[in-house]
file run08.pdb (PDB, C-alpha atoms)
MODEL        1
ATOM      1  CA  MET A   1     -18.474 148.023 188.889
ATOM      2  CA  THR A   2     -17.335 144.458 188.294
ATOM      3  CA  ILE A   3     -13.604 143.869 187.799
ATOM      4  CA  VAL A   4     -12.697 140.722 185.868
ATOM      5  CA  GLU A   5      -9.192 139.262 185.641
ATOM      6  CA  ALA A   6      -8.120 136.250 183.579
ATOM      7  CA  ALA A   7      -6.294 133.412 185.313
ATOM      8  CA  PRO A   8      -4.721 131.561 182.385
ATOM      9  CA  ALA A   9      -3.121 128.140 182.514
ATOM     10  CA  LYS A  10       0.680 128.076 182.848
ATOM     11  CA  ILE A  11       2.834 125.311 181.411
ATOM     12  CA  ASN A  12       6.469 124.521 182.153
ATOM     13  CA  LEU A  13       8.127 123.970 178.795
ATOM     14  CA  ALA A  14      11.176 122.802 180.733
ATOM     15  CA  LEU A  15      11.675 122.358 184.481
ATOM     16  CA  HIS A  16      15.089 121.550 185.947
ATOM     17  CA  VAL A  17      15.308 120.852 189.671
ATOM     18  CA  ARG A  18      18.833 121.696 190.817
ATOM     19  CA  SER A  19      18.866 121.126 194.586
ATOM     20  CA  ARG A  20      16.927 120.878 197.822
ATOM     21  CA  ARG A  21      17.279 124.012 199.925
ATOM     22  CA  ALA A  22      17.761 124.271 203.659
ATOM     23  CA  ASP A  23      14.397 126.040 203.959
ATOM     24  CA  GLY A  24      12.569 123.024 202.551
ATOM     25  CA  TYR A  25      12.010 124.466 199.090
ATOM     26  CA  HIS A  26      13.805 123.456 195.898
ATOM     27  CA  GLU A  27      16.107 125.451 193.653
ATOM     28  CA  ILE A  28      14.693 125.270 190.145
ATOM     29  CA  GLU A  29      15.315 126.627 186.663
ATOM     30  CA  THR A  30      12.270 126.708 184.405
ATOM     31  CA  LEU A  31      11.061 128.093 181.108
ATOM     32  CA  PHE A  32       7.317 128.622 181.273
ATOM     33  CA  ALA A  33       4.565 130.103 179.132
ATOM     34  CA  PHE A  34       0.924 131.039 179.569
ATOM     35  CA  LEU A  35      -2.060 130.028 177.495
ATOM     36  CA  ARG A  36      -4.879 132.218 176.231
ATOM     37  CA  ASP A  37      -7.431 130.149 178.164
ATOM     38  CA  GLY A  38      -8.059 129.220 181.785
ATOM     39  CA  ASP A  39     -10.036 130.404 184.798
ATOM     40  CA  SER A  40     -11.241 133.910 185.625
ATOM     41  CA  VAL A  41     -11.841 135.888 188.816
ATOM     42  CA  SER A  42     -14.383 138.689 189.167
ATOM     43  CA  ILE A  43     -14.866 141.033 192.115
ATOM     44  CA  GLU A  44     -17.315 143.795 192.945
ATOM     45  CA  GLU A  45     -18.150 145.754 196.045
ATOM     46  CA  SER A  46     -21.111 144.367 197.964
ATOM     47  CA  ASP A  47     -23.005 144.737 201.222
ATOM     48  CA  ARG A  48     -21.246 141.650 202.585
ATOM     49  CA  ASP A  49     -18.349 139.359 201.764
ATOM     50  CA  HIS A  50     -19.412 136.560 199.451
ATOM     51  CA  PHE A  51     -17.481 133.925 197.506
ATOM     52  CA  ALA A  52     -18.991 131.909 194.660
ATOM     53  CA  LEU A  53     -17.658 129.105 192.487
ATOM     54  CA  THR A  54     -18.812 128.505 188.920
ATOM     55  CA  GLY A  55     -17.512 126.512 185.975
ATOM     56  CA  PRO A  56     -16.975 122.812 185.259
ATOM     57  CA  PHE A  57     -14.461 122.305 188.093
ATOM     58  CA  ALA A  58     -16.298 124.315 190.753
ATOM     59  CA  GLY A  59     -17.371 121.157 192.524
ATOM     60  CA  ALA A  60     -13.781 120.075 193.099
ATOM     61  CA  LEU A  61     -13.220 123.175 195.244
ATOM     62  CA  SER A  62     -16.592 123.455 196.927
ATOM     63  CA  GLY A  63     -15.422 121.727 200.106
ATOM     64  CA  GLU A  64     -12.438 124.022 200.647
ATOM     65  CA  GLY A  65     -12.958 126.486 203.468
ATOM     66  CA  ASN A  66     -10.173 128.859 202.411
ATOM     67  CA  ASN A  67      -8.783 128.435 198.927
ATOM     68  CA  LEU A  68      -6.064 130.564 197.340
ATOM     69  CA  VAL A  69      -8.495 133.213 196.091
ATOM     70  CA  LEU A  70      -9.622 133.990 199.629
ATOM     71  CA  ALA A  71      -6.057 133.670 200.912
ATOM     72  CA  ALA A  72      -4.994 136.249 198.299
ATOM     73  CA  ARG A  73      -7.771 138.599 199.380
ATOM     74  CA  ASP A  74      -6.712 138.340 203.015
ATOM     75  CA  ALA A  75      -2.998 138.718 202.249
ATOM     76  CA  PHE A  76      -3.707 141.807 200.154
ATOM     77  CA  ALA A  77      -5.680 143.346 203.024
ATOM     78  CA  VAL A  78      -2.838 142.704 205.464
ATOM     79  CA  ALA A  79      -0.362 144.399 203.125
ATOM     80  CA  HIS A  80      -2.515 147.313 201.904
ATOM     81  CA  GLY A  81      -5.225 147.911 204.464
ATOM     82  CA  PRO A  82      -8.846 146.875 204.974
ATOM     83  CA  LEU A  83     -11.025 146.104 201.979
ATOM     84  CA  PRO A  84     -14.722 146.836 201.572
ATOM     85  CA  PRO A  85     -17.095 143.860 201.546
ATOM     86  CA  LEU A  86     -16.574 142.066 198.258
ATOM     87  CA  ALA A  87     -18.470 139.571 196.140
ATOM     88  CA  ILE A  88     -15.812 137.369 194.513
ATOM     89  CA  THR A  89     -16.554 134.767 191.849
ATOM     90  CA  LEU A  90     -14.063 132.170 190.630
ATOM     91  CA  ASP A  91     -15.054 130.668 187.273
ATOM     92  CA  LYS A  92     -13.108 127.396 187.396
ATOM     93  CA  HIS A  93     -12.294 125.775 184.053
ATOM     94  CA  LEU A  94      -8.909 124.186 184.875
ATOM     95  CA  PRO A  95      -8.626 120.903 186.787
ATOM     96  CA  ILE A  96      -7.172 121.144 190.286
ATOM     97  CA  ALA A  97      -3.794 119.700 191.373
ATOM     98  CA  SER A  98      -2.861 119.331 187.726
ATOM     99  CA  GLY A  99       0.499 121.069 187.223
ATOM    100  CA  ILE A 100      -0.737 124.035 185.186
ATOM    101  CA  GLY A 101      -0.782 126.691 187.886
ATOM    102  CA  GLY A 102      -4.547 126.839 188.281
ATOM    103  CA  GLY A 103      -4.716 127.779 191.958
ATOM    104  CA  SER A 104      -1.701 130.060 191.683
ATOM    105  CA  ALA A 105      -3.184 131.753 188.627
ATOM    106  CA  ASP A 106      -6.452 132.263 190.520
ATOM    107  CA  ALA A 107      -4.570 133.858 193.433
ATOM    108  CA  ALA A 108      -2.593 136.111 191.084
ATOM    109  CA  ALA A 109      -5.758 137.171 189.246
ATOM    110  CA  THR A 110      -7.311 138.064 192.598
ATOM    111  CA  LEU A 111      -4.300 140.204 193.493
ATOM    112  CA  ARG A 112      -4.464 141.992 190.127
ATOM    113  CA  ALA A 113      -8.199 142.613 190.525
ATOM    114  CA  LEU A 114      -7.724 144.028 194.020
ATOM    115  CA  ALA A 115      -4.864 146.199 192.788
ATOM    116  CA  ARG A 116      -7.214 147.677 190.179
ATOM    117  CA  LEU A 117      -9.848 148.231 192.846
ATOM    118  CA  LYS A 118      -7.409 150.104 195.079
ATOM    119  CA  GLY A 119      -5.409 151.841 192.328
ATOM    120  CA  ILE A 120      -2.191 149.983 193.144
ATOM    121  CA  ASP A 121       0.483 148.861 190.661
ATOM    122  CA  PRO A 122       0.296 145.040 190.698
ATOM    123  CA  ALA A 123       4.051 144.855 190.099
ATOM    124  CA  GLY A 124       4.440 145.898 193.727
ATOM    125  CA  LEU A 125       2.628 142.770 194.928
ATOM    126  CA  ALA A 126       5.431 140.301 194.185
ATOM    127  CA  GLY A 127       6.232 139.853 197.874
ATOM    128  CA  VAL A 128       2.603 139.161 198.736
ATOM    129  CA  ALA A 129       2.430 136.744 195.813
ATOM    130  CA  LEU A 130       5.455 134.765 197.010
ATOM    131  CA  GLU A 131       3.916 134.382 200.461
ATOM    132  CA  LEU A 132       0.946 132.683 198.796
ATOM    133  CA  GLY A 133       3.024 130.154 196.853
ATOM    134  CA  SER A 134       6.112 129.630 194.705
ATOM    135  CA  ASP A 135       4.133 129.810 191.438
ATOM    136  CA  VAL A 136       2.117 132.917 192.289
ATOM    137  CA  PRO A 137       4.807 135.524 191.363
ATOM    138  CA  ALA A 138       5.084 133.976 187.890
ATOM    139  CA  CYS A 139       1.306 134.022 187.507
ATOM    140  CA  LEU A 140       1.220 137.634 188.706
ATOM    141  CA  LEU A 141       3.706 138.487 185.937
ATOM    142  CA  GLY A 142       1.575 136.571 183.436
ATOM    143  CA  ARG A 143       4.193 136.448 180.670
ATOM    144  CA  SER A 144       6.528 133.810 179.271
ATOM    145  CA  ALA A 145       9.692 133.854 181.343
ATOM    146  CA  ILE A 146      12.676 132.053 182.777
ATOM    147  CA  GLY A 147      12.235 131.353 186.489
ATOM    148  CA  GLY A 148      14.931 130.683 189.075
ATOM    149  CA  GLY A 149      15.134 130.242 192.832
ATOM    150  CA  ARG A 150      11.802 128.867 194.042
ATOM    151  CA  GLY A 151      10.431 130.269 190.781
ATOM    152  CA  GLU A 152      10.265 133.894 191.919
ATOM    153  CA  ARG A 153      13.368 135.202 190.089
ATOM    154  CA  LEU A 154      11.864 136.033 186.718
ATOM    155  CA  GLU A 155      13.253 137.130 183.374
ATOM    156  CA  VAL A 156      10.732 137.762 180.586
ATOM    157  CA  VAL A 157      11.334 136.065 177.230
ATOM    158  CA  ASP A 158       9.633 136.695 173.897
ATOM    159  CA  GLU A 159       9.007 134.721 170.700
ATOM    160  CA  LEU A 160       6.732 131.987 172.087
ATOM    161  CA  SER A 161       3.368 133.650 171.457
ATOM    162  CA  GLY A 162       0.958 132.101 168.979
ATOM    163  CA  ILE A 163       2.091 128.468 169.137
ATOM    164  CA  PRO A 164      -0.876 126.038 169.131
ATOM    165  CA  VAL A 165      -1.020 123.866 172.267
ATOM    166  CA  LEU A 166      -3.123 120.973 173.492
ATOM    167  CA  LEU A 167      -3.450 120.160 177.195
ATOM    168  CA  VAL A 168      -4.472 116.670 178.310
ATOM    169  CA  ASN A 169      -5.195 115.484 181.848
ATOM    170  CA  PRO A 170      -6.147 111.849 182.493
ATOM    171  CA  GLY A 171      -8.399 112.759 185.406
ATOM    172  CA  VAL A 172      -5.738 112.181 188.055
ATOM    173  CA  ALA A 173      -4.867 114.737 190.748
ATOM    174  CA  VAL A 174      -1.205 114.627 191.819
ATOM    175  CA  SER A 175       0.098 116.272 194.984
ATOM    176  CA  THR A 176       2.925 118.712 194.262
ATOM    177  CA  GLY A 177       4.495 117.993 197.636
ATOM    178  CA  SER A 178       4.483 114.245 197.031
ATOM    179  CA  VAL A 179       6.122 114.670 193.629
ATOM    180  CA  PHE A 180       8.884 116.912 194.967
ATOM    181  CA  ARG A 181       9.504 114.487 197.835
ATOM    182  CA  GLY A 182       9.892 111.747 195.249
ATOM    183  CA  TRP A 183      12.596 113.616 193.318
ATOM    184  CA  ASP A 184      15.837 111.620 193.564
ATOM    185  CA  GLY A 185      17.998 114.653 194.359
ATOM    186  CA  ALA A 186      20.221 114.280 191.283
ATOM    187  CA  ASP A 187      21.240 117.563 189.627
ATOM    188  CA  ARG A 188      21.079 116.784 185.918
ATOM    189  CA  GLY A 189      22.366 120.153 184.843
ATOM    190  CA  PRO A 190      21.227 123.703 184.108
ATOM    191  CA  LEU A 191      18.491 124.787 181.781
ATOM    192  CA  PHE A 192      21.022 126.232 179.351
ATOM    193  CA  ALA A 193      23.694 123.644 178.708
ATOM    194  CA  ARG A 194      26.158 126.173 177.285
ATOM    195  CA  HIS A 195      25.524 128.634 180.109
ATOM    196  CA  PRO A 196      26.160 128.129 183.819
ATOM    197  CA  GLY A 197      22.602 128.778 184.991
ATOM    198  CA  LEU A 198      23.243 130.814 188.104
ATOM    199  CA  VAL A 199      26.725 132.273 188.245
ATOM    200  CA  PRO A 200      28.248 131.629 191.706
ATOM    201  CA  GLY A 201      27.232 134.453 194.017
ATOM    202  CA  SER A 202      24.554 135.726 191.626
ATOM    203  CA  THR A 203      20.793 135.583 192.058
ATOM    204  CA  VAL A 204      20.043 136.380 188.407
ATOM    205  CA  PRO A 205      19.799 133.630 185.752
ATOM    206  CA  GLN A 206      22.410 134.140 183.041
ATOM    207  CA  LEU A 207      20.353 134.015 179.861
ATOM    208  CA  PRO A 208      21.727 133.511 176.373
ATOM    209  CA  LYS A 209      21.623 136.515 174.096
ATOM    210  CA  SER A 210      18.705 136.476 171.683
ATOM    211  CA  GLU A 211      20.925 135.693 168.705
ATOM    212  CA  GLU A 212      22.521 132.827 170.641
ATOM    213  CA  ALA A 213      19.140 131.428 171.622
ATOM    214  CA  GLY A 214      18.286 130.902 167.983
ATOM    215  CA  SER A 215      21.393 128.980 166.980
ATOM    216  CA  GLY A 216      23.707 126.251 168.079
ATOM    217  CA  GLY A 217      22.569 123.019 169.643
ATOM    218  CA  CYS A 218      18.827 123.479 169.049
ATOM    219  CA  ARG A 219      16.920 120.843 167.128
ATOM    220  CA  ASP A 220      14.944 123.524 165.345
ATOM    221  CA  LYS A 221      12.429 122.878 162.615
ATOM    222  CA  PRO A 222      11.636 125.664 160.148
ATOM    223  CA  GLY A 223       9.753 128.367 161.998
ATOM    224  CA  MET A 224      10.766 127.117 165.449
ATOM    225  CA  THR A 225      11.934 129.844 167.775
ATOM    226  CA  GLY A 226      15.189 129.700 169.681
ATOM    227  CA  TRP A 227      13.393 129.516 173.014
ATOM    228  CA  LEU A 228      11.366 126.556 171.853
ATOM    229  CA  GLY A 229      14.574 124.872 170.776
ATOM    230  CA  ARG A 230      15.914 125.432 174.269
ATOM    231  CA  ALA A 231      12.801 123.887 175.749
ATOM    232  CA  ILE A 232      13.159 120.804 173.558
ATOM    233  CA  GLU A 233      16.727 120.344 174.753
ATOM    234  CA  GLY A 234      15.518 120.605 178.323
ATOM    235  CA  ARG A 235      13.464 118.228 180.430
ATOM    236  CA  ASN A 236      11.052 118.025 183.341
ATOM    237  CA  ASP A 237      12.860 116.551 186.335
ATOM    238  CA  LEU A 238       9.540 115.961 188.109
ATOM    239  CA  GLU A 239       8.213 113.623 185.440
ATOM    240  CA  ALA A 240       9.835 110.489 186.876
ATOM    241  CA  PRO A 241       8.481 110.899 190.433
ATOM    242  CA  ALA A 242       5.084 111.949 189.071
ATOM    243  CA  ARG A 243       4.930 108.850 186.867
ATOM    244  CA  ALA A 244       5.786 106.720 189.888
ATOM    245  CA  ILE A 245       2.665 108.099 191.564
ATOM    246  CA  ALA A 246       0.477 108.135 188.439
ATOM    247  CA  PRO A 247       1.850 105.831 185.713
ATOM    248  CA  VAL A 248      -0.898 106.958 183.329
ATOM    249  CA  ILE A 249       1.136 110.141 182.795
ATOM    250  CA  GLY A 250       3.485 108.108 180.599
ATOM    251  CA  THR A 251       0.540 106.936 178.522
ATOM    252  CA  VAL A 252      -0.582 110.540 178.011
ATOM    253  CA  ILE A 253       2.868 111.702 176.916
ATOM    254  CA  ASP A 254       3.300 108.779 174.527
ATOM    255  CA  LEU A 255      -0.096 109.398 172.960
ATOM    256  CA  LEU A 256       0.604 113.118 172.528
ATOM    257  CA  ALA A 257       4.066 112.514 171.092
ATOM    258  CA  ALA A 258       2.639 110.135 168.492
ATOM    259  CA  GLN A 259       0.350 112.778 166.978
ATOM    260  CA  PRO A 260       1.287 114.318 163.619
ATOM    261  CA  GLY A 261       2.678 117.844 163.734
ATOM    262  CA  VAL A 262       3.954 117.713 167.323
ATOM    263  CA  ARG A 263       6.954 119.888 168.149
ATOM    264  CA  LEU A 264       7.209 119.037 171.831
ATOM    265  CA  ALA A 265       5.246 116.749 174.187
ATOM    266  CA  ARG A 266       5.947 116.833 177.920
ATOM    267  CA  MET A 267       4.406 116.831 181.386
ATOM    268  CA  SER A 268       3.836 120.283 182.893
ATOM    269  CA  GLY A 269       4.922 121.174 186.420
ATOM    270  CA  SER A 270       4.356 118.350 188.881
ATOM    271  CA  GLY A 271       1.640 116.789 186.699
ATOM    272  CA  ALA A 272      -0.586 115.157 185.868
ATOM    273  CA  THR A 273      -1.461 117.495 182.972
ATOM    274  CA  CYS A 274       0.670 117.029 179.872
ATOM    275  CA  PHE A 275       0.927 119.256 176.829
ATOM    276  CA  ALA A 276       1.923 119.157 173.202
ATOM    277  CA  LEU A 277       2.965 122.079 171.018
ATOM    278  CA  PHE A 278       1.998 121.820 167.354
ATOM    279  CA  ASP A 279       3.030 123.124 163.955
ATOM    280  CA  SER A 280      -0.514 124.258 163.176
ATOM    281  CA  GLU A 281      -3.994 124.666 164.634
ATOM    282  CA  GLU A 282      -5.229 121.980 162.242
ATOM    283  CA  ALA A 283      -2.723 119.459 163.629
ATOM    284  CA  ARG A 284      -3.704 120.405 167.179
ATOM    285  CA  SER A 285      -7.424 119.938 166.451
ATOM    286  CA  ALA A 286      -6.812 116.604 164.749
ATOM    287  CA  ALA A 287      -4.844 115.453 167.794
ATOM    288  CA  ARG A 288      -7.647 116.561 170.113
ATOM    289  CA  HIS A 289     -10.115 114.521 168.102
ATOM    290  CA  ALA A 290      -7.890 111.432 168.045
ATOM    291  CA  ILE A 291      -7.227 111.553 171.791
ATOM    292  CA  THR A 292     -10.881 112.169 172.646
ATOM    293  CA  VAL A 293     -11.864 109.136 170.597
ATOM    294  CA  ALA A 294      -9.158 106.986 172.213
ATOM    295  CA  GLN A 295      -9.720 108.273 175.771
ATOM    296  CA  PRO A 296     -13.142 109.940 176.043
ATOM    297  CA  SER A 297     -12.871 110.456 179.816
ATOM    298  CA  TRP A 298      -9.679 112.515 179.624
ATOM    299  CA  TRP A 299      -9.839 116.316 179.923
ATOM    300  CA  CYS A 300      -8.513 118.220 176.898
ATOM    301  CA  LEU A 301      -8.076 121.899 176.163
ATOM    302  CA  GLU A 302      -7.132 123.390 172.814
ATOM    303  CA  SER A 303      -5.435 126.747 173.172
ATOM    304  CA  THR A 304      -2.538 128.948 172.053
ATOM    305  CA  LEU A 305       0.510 130.290 173.852
ATOM    306  CA  ALA A 306      -0.165 133.898 174.856
TER     307      ALA A 306
ENDMDL
END

call {"tool": "encode", "arguments": {"input": "run08.pdb", "output": "C-alpha cells"}}
result
Amino acid sequence: MTIVEAAPAKINLALHVRSRRADGYHEIETLFAFLRDGDSVSIEESDRDHFALTGPFAGALSGEGNNLVLAARDAFAVAHGPLPPLAITLDKHLPIASGIGGGSADAAATLRALARLKGIDPAGLAGVALELGSDVPACLLGRSAIGGGRGERLEVVDELSGIPVLLVNPGVAVSTGSVFRGWDGADRGPLFARHPGLVPGSTVPQLPKSEEAGSGGCRDKPGMTGWLGRAIEGRNDLEAPARAIAPVIGTVIDLLAAQPGVRLARMSGSGATCFALFDSEEARSAARHAITVAQPSWWCLESTLA
C-alpha cells in the first residue's frame, strides 16, 4: 500500500523577530497560512530502502546526500523503533531555499506518512519535528496559526481559508541563516499592537478574542477577515536583510503590489519568494499573466489559502 501525504507551501503573512536568544535561535511572532498546493511525499514498504526525487525542482536536490525527508525518516525511527525497508518518493514542485517552508513541509509530510504506517497519532511527533527544524512543527500541524518561540508554540486561527494567493520567486535562493544574521536586532514590536505578545513569564501568545480581531485598527476592506487585517498591520522583519542579499526581492514586491485587486503583498519567511493575496481568482490570474509577461523567467504559483 502506498501512503501519500501533501507537503503544502507555507507563507508568513506577518513575521516579527523580537530578539536573539542565548541558544542561537531567534524569538519570533508570526501569523502563517498554508496553501492548497505544494510538494508531496509517498512511502511504501519495499525489499530495500530507496529514495527517489521527481517534479520540476528534483534536480535542485539531487546532489544532497541526506535531505530533510531522509532525516525525518531516521528521526522517526530513533523515536519509535526500527522501520521496514521503505521506498520514499518526494515530488518536488516548490523551489528550494525560498521562504515557503518547502523542506520543512516535506519533513512534516514524511512524519505524517510514517505515523500512518505505524498507527501513531502525528500530534505526538511535535518533539521530533522540532529537532528537525524550527518550521517543521508548524508544517506538521498544517493549519493557519500564530507561532511563537522559535515557531513551535502554536495557536490555530480560522477565517483565512479560501483567499486567492499568487507566489512569485525570482529564481534566487536565499540562505535562512544569512538572512537572520543580517537582522539588525531591533525589536519593532509585537504582532498584536494592542496586545503584549508574550505576557512576562508566559510561554503562550496572548491572542485577541475573535470579536476583537475583526475590529479596531484594521484597514479592512469589505469581506476582509480580522486576521487578514492583523497581517496587513504587521510586517516581515526579515525583508530588509533579505533584500540586502537579493535586491530583486524589492522588485518582486513592488510588481505584486501594483496589481489590481491586491489585498496584501509581502515577502514570505526569509525569502526570496513573495506573495500577494487577492480579492478574487480572476484578479490573481490576471496578475499571474502580467508578471509572466514582464518576467518570463520568474517562478509563479497560483493557489488558495487552505

call {"tool": "closest_residue", "arguments": {"input": "run08.pdb", "among": "A:Val136, A:Leu130, A:Leu305, A:Leu111", "to": "Asp158 in chain A", "atoms": "only C-alpha atoms"}}
result
A:Leu305

call {"tool": "closest_atom_pairs", "arguments": {"input": "run08.pdb", "of": "range 22-116 of chain A", "to": "range 270-291 of chain A", "cutoff": "9 Å", "atoms": "all atoms listed in the file", "output": "CSV"}}
result
residue,atom,partner,partner_atom,distance
A:Pro95,CA,A:Thr273,CA,8.8
A:Ala97,CA,A:Gly271,CA,7.7
A:Ser98,CA,A:Ala272,CA,5.1
A:Gly99,CA,A:Gly271,CA,4.5
A:Ile100,CA,A:Thr273,CA,6.9

call {"tool": "resolve_selection", "arguments": {"input": "run08.pdb", "expression": "the PyMOL selection byres ((chain A and resi 141) around 9)", "output": "JSON, numbers by chain"}}
result
{"A": [108, 122, 123, 126, 136, 137, 138, 139, 140, 142, 143, 144, 145, 154, 156]}

call {"tool": "write_last_selection", "arguments": {"input": "run08.pdb", "atoms": "C-alpha atoms", "output": "compact mmCIF listing (two decimals), keeping the file's coordinate frame"}}
result
# COMPACT_ATOMS: atom_id res chain seq x y z
CA ALA A 108 -2.59 136.11 191.08
CA PRO A 122 0.30 145.04 190.70
CA ALA A 123 4.05 144.85 190.10
CA ALA A 126 5.43 140.30 194.18
CA VAL A 136 2.12 132.92 192.29
CA PRO A 137 4.81 135.52 191.36
CA ALA A 138 5.08 133.98 187.89
CA CYS A 139 1.31 134.02 187.51
CA LEU A 140 1.22 137.63 188.71
CA GLY A 142 1.58 136.57 183.44
CA ARG A 143 4.19 136.45 180.67
CA SER A 144 6.53 133.81 179.27
CA ALA A 145 9.69 133.85 181.34
CA LEU A 154 11.86 136.03 186.72
CA VAL A 156 10.73 137.76 180.59

call {"tool": "resolve_selection", "arguments": {"input": "run08.pdb", "expression": "the PyMOL selection byres ((chain A and resi 17-24) around 8)", "output": "PDB file with C-alpha atoms, in the coordinates of the input"}}
result
ATOM      1  CA  LEU A  15      11.675 122.358 184.481  1.00  0.00           C
ATOM      2  CA  HIS A  16      15.089 121.550 185.947  1.00  0.00           C
ATOM      3  CA  TYR A  25      12.010 124.466 199.090  1.00  0.00           C
ATOM      4  CA  HIS A  26      13.805 123.456 195.898  1.00  0.00           C
ATOM      5  CA  GLU A  27      16.107 125.451 193.653  1.00  0.00           C
ATOM      6  CA  ILE A  28      14.693 125.270 190.145  1.00  0.00           C
ATOM      7  CA  GLU A  29      15.315 126.627 186.663  1.00  0.00           C
ATOM      8  CA  GLY A 185      17.998 114.653 194.359  1.00  0.00           C
ATOM      9  CA  ALA A 186      20.221 114.280 191.283  1.00  0.00           C
ATOM     10  CA  ASP A 187      21.240 117.563 189.627  1.00  0.00           C
ATOM     11  CA  ARG A 188      21.079 116.784 185.918  1.00  0.00           C
ATOM     12  CA  GLY A 189      22.366 120.153 184.843  1.00  0.00           C
ATOM     13  CA  PRO A 190      21.227 123.703 184.108  1.00  0.00           C
ATOM     14  CA  ASP A 237      12.860 116.551 186.335  1.00  0.00           C
ATOM     15  CA  LEU A 238       9.540 115.961 188.109  1.00  0.00           C
TER      16      LEU A 238
END

call {"tool": "resolve_selection", "arguments": {"input": "run08.pdb", "expression": "the PyMOL selection byres ((chain A and resi 245) around 12)", "output": "list in words"}}
result
Val172, Ala173, Val174, Ser175, Thr176, Gly177, Ser178, Val179, Phe180, Arg181, Gly182, Trp183, Leu238, Glu239, Ala240, Pro241, Ala242, Arg243, Ala244, Ala246, Pro247, Val248, Ile249, Gly250, Ser270, Gly271 and Ala272 of chain A

call {"tool": "residues_around", "arguments": {"input": "run08.pdb", "residues": "Gly59 in chain A", "least_positions_apart": "2", "cutoff": "12 Å", "atoms": "only C-alpha atoms", "output": "VMD selection string"}}
result
chain A and resid 52 to 57 61 to 64 90 to 96

call {"tool": "closest_residue", "arguments": {"input": "run08.pdb", "among": "A:Met267, A:Val4, A:Ala14, A:Ala257", "to": "Arg230 in chain A", "atoms": "all atoms listed in the file"}}
result
A:Ala14

call {"tool": "axis_aligned_box", "arguments": {"input": "run08.pdb", "around": "range 127-146 of chain A", "padding_each_side": "8 Å", "output": "lines of an AutoDock Vina configuration file"}}
result
center_x = 6.8
center_y = 134.7
center_z = 189.9
size_x = 27.7
size_y = 26.2
size_z = 37.2

call {"tool": "atom_distance", "arguments": {"input": "run08.pdb", "atom1": "CA of Glu131 in chain A", "atom2": "CA of Ser46 in chain A"}}
result
27.1 Å

call {"tool": "residues_near_point", "arguments": {"input": "run08.pdb", "point": "(11.6, 116.3, 173.3)", "cutoff": "12 Å", "atoms": "all atoms listed in the file", "output": "list of chain:residue names"}}
result
A:Leu13, A:Ala14, A:Cys218, A:Arg219, A:Asp220, A:Leu228, A:Gly229, A:Arg230, A:Ala231, A:Ile232, A:Glu233, A:Gly234, A:Arg235, A:Asn236, A:Ile253, A:Asp254, A:Leu256, A:Ala257, A:Ala258, A:Val262, A:Arg263, A:Leu264, A:Ala265, A:Arg266, A:Met267, A:Phe275, A:Ala276, A:Leu277

call {"tool": "atom_distance", "arguments": {"input": "run08.pdb", "atom1": "CA of Gly149 in chain A", "atom2": "CA of Asp135 in chain A"}}
result
11.1 Å

call {"tool": "atom_distance", "arguments": {"input": "run08.pdb", "atom1": "CA of Thr110 in chain A", "atom2": "CA of Phe34 in chain A"}}
result
16.9 Å

call {"tool": "closest_residue", "arguments": {"input": "run08.pdb", "among": "A:Val252, A:Leu86, A:Leu191, A:Leu132", "to": "Phe32 in chain A", "atoms": "only C-alpha atoms"}}
result
A:Leu191

call {"tool": "closest_residue", "arguments": {"input": "run08.pdb", "among": "A:Leu114, A:Ala72, A:Ala9, A:Ile43", "to": "Leu167 in chain A", "atoms": "all atoms listed in the file"}}
result
A:Ala9

call {"tool": "residues_around", "arguments": {"input": "run08.pdb", "residues": "Arg36 in chain A", "least_positions_apart": "6", "cutoff": "12 Å", "atoms": "only C-alpha atoms", "output": "number ranges by chain"}}
result
A: 6-11, 142-144, 161-166, 301-306
